[in-house]
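Below is one structure, written out as structure tokens; the observations come after it.
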Amino acid sequence: MKFFAIRSALAIGLLIAPLACKREDGGAATRSNNPKTLSIYIWSEYLPQGVIDKFTAKTGIKVTVDTYENNEVLLSKLQSGVARYDLCVPSDYMVKTLINQKLIQAVDPAKVPNLKNIEARFLNRPFDPGNKYSVPYLWGTTGYGYNTQQIKEKLDSWAPMFDPKYSGKILMLNDAPECFAAALKSMGKSLNEKDSAVLRQAADKLKAQKKLVKTYNSEDYDNILASGDVWLAHAYNGQIAKLARREKGKFAYVLPKEGATVSMDGMCIPAKARNATAAMEFMNFVHEPEIAAEIVNGTNYAGTNEAAKKYINPEILNDPAVYPPPELLKNCEFMEDRGEMTQLIDRLWTEIKAQ
Amino acid sequence: MNNPTARRWAEPLRVFGLVLPAWAALGVFFVAPLAIMLVISFAQRDAYGGIRPIEDLRAYLRSWQWLANYRQSFEGMYLTILWRSVWMAVATTAICILISYPVAYYIALLARPRWKNLLLVLAVVPFWTSFLIRTYAWMLILRTQGLANTVLLSSGLIHQPLDLLYNDFAVMIGLVYGELPFMILPLYASLEKLDRTLLEAAADLGAARAATFWRVTVPLTMPGIVAGVVLVFIPSIGQFIVSDLLGGAKTVLVGNLINDQFSWARNRPFGSALAFEVTAVVLATVAWYAIYARKRGGMEGL
Amino acid sequence: MSARSAWGGRLLAAHAWAVYLFLYAPIAILIVFSFNNEKQTAVWKGFTTQWYSALLDDRFIRTPVANSLIVAGASTAVATIVGTLAALGLARYKLIPRPLGQGATRGLLMLPLVIPEIVVGAALLTFFGVIDWELSLWTVIIAHVGFSTSYVAVVVGARLAGFDRTLEEAAADLGAGPLATFVRVKLPLILPGIVAGALLAFTVSIDDYVITSFVAGTGATTLPLYIYSKLKTGVTPEVNAVSTALLLFTVVLILIAQWLLRPRSGATPGGEK
């Protein structure tokens with residue numbers, strides 16, 4: 001009996017011990033209506049810790065950061081109404097959806113005077129006219145990276161991604177809208193195409209491409225490119241730019257001349273946020289020139305802040321992968337929600353993957 | 001408890017009390033949420049990924065529109081995907097049983113008593129690391145320039161690196177690997193209480209060891225085997241992350257389909273319908289097996 | 001034991017060792033690369049312990065680790081109790097035959113295993129929204145209790161199958177009340193099953209990503225979520241280091257428990273010969 005007792009005591013002890021672990025406080029503090037806390041929900045690896053620390057040091061507001069990997073989890077959480085974040089950073093097309101579903105609240109421009117630092121071309125975008133609900137954060141493009149040691153010629157279009165001579169050496173993002181964007185752009189069409197006939201042609205192109213593709217992967221594409229398993233990797237520019245700088249002379253990023261996806265995120269305040277004031281203070285803080293530069297330097301994605309440019313690491317500022325020349329950008333488009341056509345694309349994507 | 005009437009009611013009451021916590025916990029936090037999803041599966045997706053509001057309920061029901069998602073899920077392409085997912089789950093389960101049974105047998109019957117618990121825990125501990133890291137570690141092993149190829153090349157067994165990753169071989173390794181503890185532990189639980197005197201009796205009666213195994217051991221441990229199959233086969237049908245990472249995301253399984261509906265395709269009604277379709281298929285199979293096994297007396301304890 | 005069965009025994013032992021090698025191959029990689037002198041885990045570039053010292057300084061990894069342990073511990077405790085009781089009840093259904101109740105309960109316990117995780121996650125999130133229950137670490141624990149209970153119930157059920165009722169009856173005949181019979185006869189005999197079930201429940205909980213990502217509230221990030229979020233910069237050695245550290249910690253804990261619970265003077269745990 002004593003034996004049994006010792007065993008149960010040990011078991012219970014083992015189970016309770018973790019409660020004694022000290023947690024960096026994010027729990028109770030952020031859940032009360034404490035004006036001194038800010039709860040941020042943002043893409044992973046998208047906000048350098050230094051920036052957060054400086055904000056806390058300046059304002060005394062404690063910050064918790066939770067991350068998400070795709071816009072739809074953010075949408076689900078906001079729709080449920082029981083996820084109380086003060087600040088979130090959705091992609092452009094998601095901002096529009098959030099506005100339509102009344103899940104985010106208006107931003108008071110008086111509280112974000114640093115809006116003046118933002119480049120004009122990022123303001124007043126169609127998904128949020130007048131920037132009533134969002135403040136631009138970072139932006140990027142979706143092209144592809146390639147191994148310059150294996151592929152000697154300088155690439156500049158989508159064609160190599162569909163070229164049989166690179167069979168088995170191609171990686172595509174495991175993302176239907178992005179793959180369709182690549183196919184549509186390589187066909188000279190808009191990536192927001194809604195014509196079902198054109199979409200089917202794009203699907204056929206992707207189906208033909210599939211046997212050339214070694215793997216579809218949306219998270220680890222830079223490592224897979226670095227490992228040599230593939231020579232061409234459909235990719236978001238930030239990670240490839242980082243890779244190219246780390247392994248000098250071995251990799252390059254291509255923003256194809258036919259055009260590609262350009263995407264931007266906007267900082268927004270959920271409708272049910274507890275501390276909208278702190279959120280706006282943060283939005284303003286992020287656009288102070290030196291802070292904005294710190295974010296760009298830390299994440300390798302291009303910033304939207306004009307005044308920050310003089311503080312940005314010149315290697316990044318002059319990197320065409322991060323800050324592409326305007327002539328390449330003119331064929332780039334923002335992705336839009338395709339409404340009814342989404343179901344067709346889903347079915348086509350299933351057909352592509354299933355064959 | 002001497003009153004016969006009291007004793008007659010005591011038993012059902014006791015059973016009720018025993019299953020009540022499970023019904024309370026799962027009833028509220030599983031059945032209720034799933035009921036909501038069931039209702040959603042009868043709705044339609046609106047243009048931007050929400051639910052289309054139904055103006056006229058009677059007309060909606062009468063036009064059989066509420067079954068639209070289910071009708072779609074039974075189309076050829078989707079059925080093929082479901083079939084492929086089931087097959088992958090069957091293969092995984094079968095390989096798991098083959099690999100796990102000897103291990104569980106060894107731990108339960110042949111290992112020294114002092115080491116039993118340790119061996120058991122050691123079988124589970126690897127899975128307390130993140131499955132993502134474990135899968136990435138497998139990618140490191142199976143890559144063209146990975147560990148496996150490096151070892152095989154340097155030992156001279158092969159002269160060209162083998163294609164070990166981004167194909168079905170890698171997927172099987174990853175799936176079986178991830179499910180081993182869920183097969184080993186139930187098998188162990190069942191084998192451990194195997195009465196060894198029964199085995200000795202069979203040997204005394206002249207049975208060969210193979211016969212003893214198939215006609216005594218296996219039937220007696222059938223509950224463990226069935227439990228292992230339930231814990232491995234059923235969740236395997238819906239899995240997709242391991243197969244995407246190790247298989248290069250080049251096939252579609254029903255898990256991918258459902259995941260897509262809940263992410264970028266934003267079609268929850270269809271996704272829910274698919275999920276319930278899978279659920280119905282699985283529960284039907286289990287029910288069929290339960291009835292079949294009850295006649296043959298094999299499925300106790302499930 | 002005859003010579004033939006000794007040889008058979010050795011074969012089984014060899015197989016078991018091979019399987020354990022298979023189980024630990026990626027873990028070995030994990031541990032080796034936690035000492036890699038290179039930020040990306042793709043290539044080996046030399047030995048260093050910098051990631052472990054970074055771990056000690058990293059105050060941001062403490063919360064996910066603590067959260068994971070709390071959630072796994074709490075949900076396992078509850079699930080083990082609820083699941084064991086359910087398995088016991090399910091086994092007793094045979095005495096009162098009520099096939100509908102038995103079937104329904106069996107189906108209920110199997111539901112968490114059948115429904116794909118993403119549906120469960122989305123359903124729970126919607127549900128919490130409907131009843132206006134704010135997301136937190138508690139919502140994660142509740143979600144985990146859901147599926148963990150199934151695992152425990154199935155494993156304990158396997159152990160309970162074919163349980164020799166005559167033992168219980170004998171105890172009753174000798175004058176023991178139902179509680180004493182349970183605690184001193186039944187419980188010790190099914191304990192290996194309960195332990196196995198609890199181990200599985202803990203495993204499933206500590207590794208859950210999908211469901212947790214839907215129902216975690218602010219500050220409720222668990223380790224799998226944290227690791228997944230670090231994927232963008234590659235699975236850095238620091239992530240390997242934290243996993244290795246956790247692994248070492250649990251193994252040491254188990255070894256201590258094993259030593260404390262070692263059989264004294266003849267009695268073996270579980271009562272086997």
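In the structure tokens, the first chain shown is A, the next is B, and so on; residue numbers restart at 1 for each chain, and ligands run from 1 in the order shown.
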Excluding Lys152 of chain A and residues on its chain fewer than 2 positions from it, collect all residues at most 12 Å away from it, counting only C-alpha atoms, and give them as a PyMOL selection string. chain A and resi 146-150+154-155+231+249-252
Polymer residues at most 9 Å from segment 171-183 of chain B, only C-alpha atoms, same-chain spacing of 2 or more positions, as a ChimeraX atom specification: /B:88-89,91-93,95-97,99-101,104,123-124,127,131,134-135,138,165-169,185-188,224-225,227-229,231-232,236,242-247 /C:22-23,151,200
Quick check: residues of chain C within 9 Å of chain A, only C-alpha atoms, returned as a CSV table (one decimal) with C-alpha atoms, in the first residue's frame.
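Here's the written file result_38.csv:
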chain,number,residue,atom,x,y,z
C,40,GLN,CA,21.1,26.6,-40.6
C,41,THR,CA,20.9,22.9,-39.6
C,42,ALA,CA,21.5,21.8,-43.2
C,43,VAL,CA,25.2,21.4,-43.0
C,59,ARG,CA,13.7,34.3,-21.9
C,60,PHE,CA,11.2,33.8,-24.7
C,61,ILE,CA,11.5,30.1,-24.9
C,62,ARG,CA,10.6,29.6,-21.3
C,63,THR,CA,6.9,30.5,-21.8
C,64,PRO,CA,6.2,28.0,-24.6
C,65,VAL,CA,8.1,25.3,-22.7
C,66,ALA,CA,6.3,25.9,-19.5
C,67,ASN,CA,2.9,26.2,-21.3
C,68,SER,CA,3.5,22.9,-23.1
C,69,LEU,CA,4.4,21.1,-19.8
C,70,ILE,CA,1.4,22.6,-18.0
C,72,ALA,CA,0.3,18.2,-21.2
C,73,GLY,CA,0.4,17.6,-17.4
C,74,ALA,CA,-3.0,18.9,-16.7
C,76,THR,CA,-3.0,14.0,-19.1
C,77,ALA,CA,-4.1,14.0,-15.5
C,122,ALA,CA,-12.1,25.1,-36.2
C,125,LEU,CA,-12.9,27.9,-32.0
C,126,THR,CA,-16.3,28.5,-33.3
C,127,PHE,CA,-17.9,26.9,-30.3
C,128,PHE,CA,-15.9,29.0,-27.8
C,129,GLY,CA,-17.0,32.0,-29.9
C,130,VAL,CA,-20.6,31.0,-29.7
C,132,ASP,CA,-18.2,33.6,-25.6
C,133,TRP,CA,-15.5,31.9,-23.7
C,134,GLU,CA,-12.2,33.8,-24.2
C,135,LEU,CA,-9.3,31.9,-25.5
C,136,SER,CA,-6.5,31.2,-23.0
C,137,LEU,CA,-4.3,28.4,-21.8
C,184,ARG,CA,-6.5,-3.5,-4.2
C,188,PRO,CA,-3.0,-2.9,-9.7
C,213,SER,CA,-3.0,26.8,-33.0
C,214,PHE,CA,-6.8,27.4,-33.2
C,215,VAL,CA,-7.6,27.6,-29.5
C,216,ALA,CA,-4.6,29.2,-28.0
C,217,GLY,CA,-5.2,32.6,-26.5
C,218,THR,CA,-2.8,35.5,-26.0
C,219,GLY,CA,0.4,34.3,-24.3
C,220,ALA,CA,-0.7,30.7,-24.6
C,221,THR,CA,1.9,29.7,-27.2
C,225,LEU,CA,3.6,26.5,-32.1
C,226,TYR,CA,6.8,28.2,-31.2
C,228,TYR,CA,6.7,26.0,-36.2
C,229,SER,CA,7.0,29.7,-36.1
C,230,LYS,CA,10.8,29.5,-36.2
C,231,LEU,CA,10.6,27.5,-39.4
C,232,LYS,CA,11.0,30.7,-41.5
C,233,THR,CA,14.5,31.1,-40.3
C,234,GLY,CA,15.1,27.4,-40.7
C,235,VAL,CA,15.1,24.9,-37.9
C,253,LEU,CA,13.0,12.3,-14.4
C,257,ALA,CA,11.2,7.6,-10.9
C,260,LEU,CA,12.4,5.2,-6.6
C,261,LEU,CA,9.9,2.7,-7.7
Write out as a compact mmCIF listing (two decimals) with C-alpha atoms, in the first residue's frame which residues come within 12 Å of Tyr166 of chain A when counting only C-alpha atoms, dropping same-chain ones fewer than 4 positions away.
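Output below, filename out.txt:
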# COMPACT_ATOMS: atom_id res chain seq x y z
CA TYR A 146 18.21 29.89 -58.20
CA ASN A 147 21.58 28.27 -57.75
CA GLN A 150 24.59 25.15 -61.30
CA ILE A 151 22.88 27.53 -63.67
CA ALA A 159 10.21 30.32 -68.38
CA PRO A 160 12.96 28.32 -66.60
CA MET A 161 10.49 27.34 -63.88
CA PHE A 162 8.49 25.48 -66.51
CA ILE A 170 12.40 22.69 -59.39
CA LEU A 171 10.62 23.64 -56.20
CA GLN A 209 4.97 21.30 -64.81
CA LYS A 210 4.20 18.89 -62.00
CA LYS A 211 6.47 16.10 -63.24
CA LEU A 212 9.35 18.55 -63.27
CA VAL A 213 8.77 19.55 -59.67
CA LYS A 214 10.79 17.82 -57.00
CA ASP A 229 18.31 19.21 -53.91
CA VAL A 230 16.74 21.76 -56.24
CA TRP A 231 18.29 24.44 -58.44
CA LEU A 232 15.24 26.69 -58.82
CA ALA A 233 12.92 27.56 -55.97
Listing only residues of chain B within 7 Å of chain A, what is the closest atom pair and its distance in Å (to one decimal) for each, using only C-alpha atoms, sorted by chain and residue number ascending, as CSV?
residue,atom,partner,partner_atom,distance
B:Ala47,CA,A:Gly339,CA,4.5
B:Tyr48,CA,A:Gly339,CA,5.0
B:Thr144,CA,A:Asp229,CA,6.5
B:Tyr166,CA,A:Thr215,CA,6.4
B:Gly248,CA,A:Thr215,CA,3.9
B:Ala249,CA,A:Tyr216,CA,5.3
B:Lys250,CA,A:Lys353,CA,5.7
B:Thr251,CA,A:Lys353,CA,5.2
B:Val252,CA,A:Ala354,CA,5.3
B:Ser263,CA,A:Glu72,CA,5.3
B:Trp264,CA,A:Glu72,CA,6.6
B:Ala265,CA,A:Asp346,CA,6.2
Can you write just those residues out, N, CA and C atoms, as a compact mmCIF listing (two decimals), in the first residue's frame?
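Writing the result to part.txt gives the following:
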# COMPACT_ATOMS: atom_id res chain seq x y z
N ALA B 47 -19.53 34.24 -51.60
CA ALA B 47 -18.47 34.65 -52.52
C ALA B 47 -17.13 34.85 -51.85
N TYR B 48 -17.11 35.28 -50.59
CA TYR B 48 -15.83 35.62 -49.99
C TYR B 48 -15.44 34.71 -48.85
N THR B 144 19.41 13.89 -50.78
CA THR B 144 20.44 13.43 -51.71
C THR B 144 21.82 13.49 -51.08
N TYR B 166 11.10 12.80 -50.92
CA TYR B 166 10.06 13.33 -51.80
C TYR B 166 9.44 12.23 -52.64
N GLY B 248 6.97 15.60 -50.62
CA GLY B 248 7.07 16.71 -51.55
C GLY B 248 5.74 17.35 -51.88
N ALA B 249 4.69 17.03 -51.13
CA ALA B 249 3.36 17.60 -51.35
C ALA B 249 2.90 17.36 -52.77
N LYS B 250 3.26 16.21 -53.33
CA LYS B 250 2.88 15.95 -54.72
C LYS B 250 1.63 15.10 -54.86
N THR B 251 1.06 14.69 -53.74
CA THR B 251 -0.21 13.98 -53.84
C THR B 251 -1.24 14.69 -52.98
N VAL B 252 -2.48 14.39 -53.23
CA VAL B 252 -3.55 14.94 -52.41
C VAL B 252 -4.17 13.82 -51.60
N SER B 263 -8.33 26.58 -44.92
CA SER B 263 -7.36 27.66 -45.05
C SER B 263 -7.66 28.46 -46.31
N TRP B 264 -6.81 28.46 -47.31
CA TRP B 264 -6.96 29.44 -48.37
C TRP B 264 -8.26 29.32 -49.16
N ALA B 265 -8.80 28.12 -49.33
CA ALA B 265 -10.02 27.98 -50.13
C ALA B 265 -11.24 28.50 -49.38
Mind checking DSSP for segment 72-218 of chain A and telling me the strand (DSSP E) residues as a list of chain:residue names?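 Those in segment 72-218 of chain A that DSSP calls strand (DSSP E) are A:Leu87, A:Cys88, A:Ile104, A:Gln105, A:Val135, A:Pro136, A:Tyr137, A:Leu138, A:Trp139, A:Gly140, A:Thr141, A:Thr142, A:Gly143, A:Tyr144, A:Gly145, A:Tyr146, A:Asn147, A:Ile170, A:Leu171, A:Met172, A:Val213, A:Lys214, A:Thr215, A:Tyr216.
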Residues of chain B within 7 Å of chain C, only C-alpha atoms counted, as a PyMOL selection string: chain B and resi 11-12+15+18-19+21-22+26+29-30+33-34+37+102-103+106+126-131+134+137-138+177+185-186+189-190+223-224+227+234-235+238+259+272+275+279+300-302
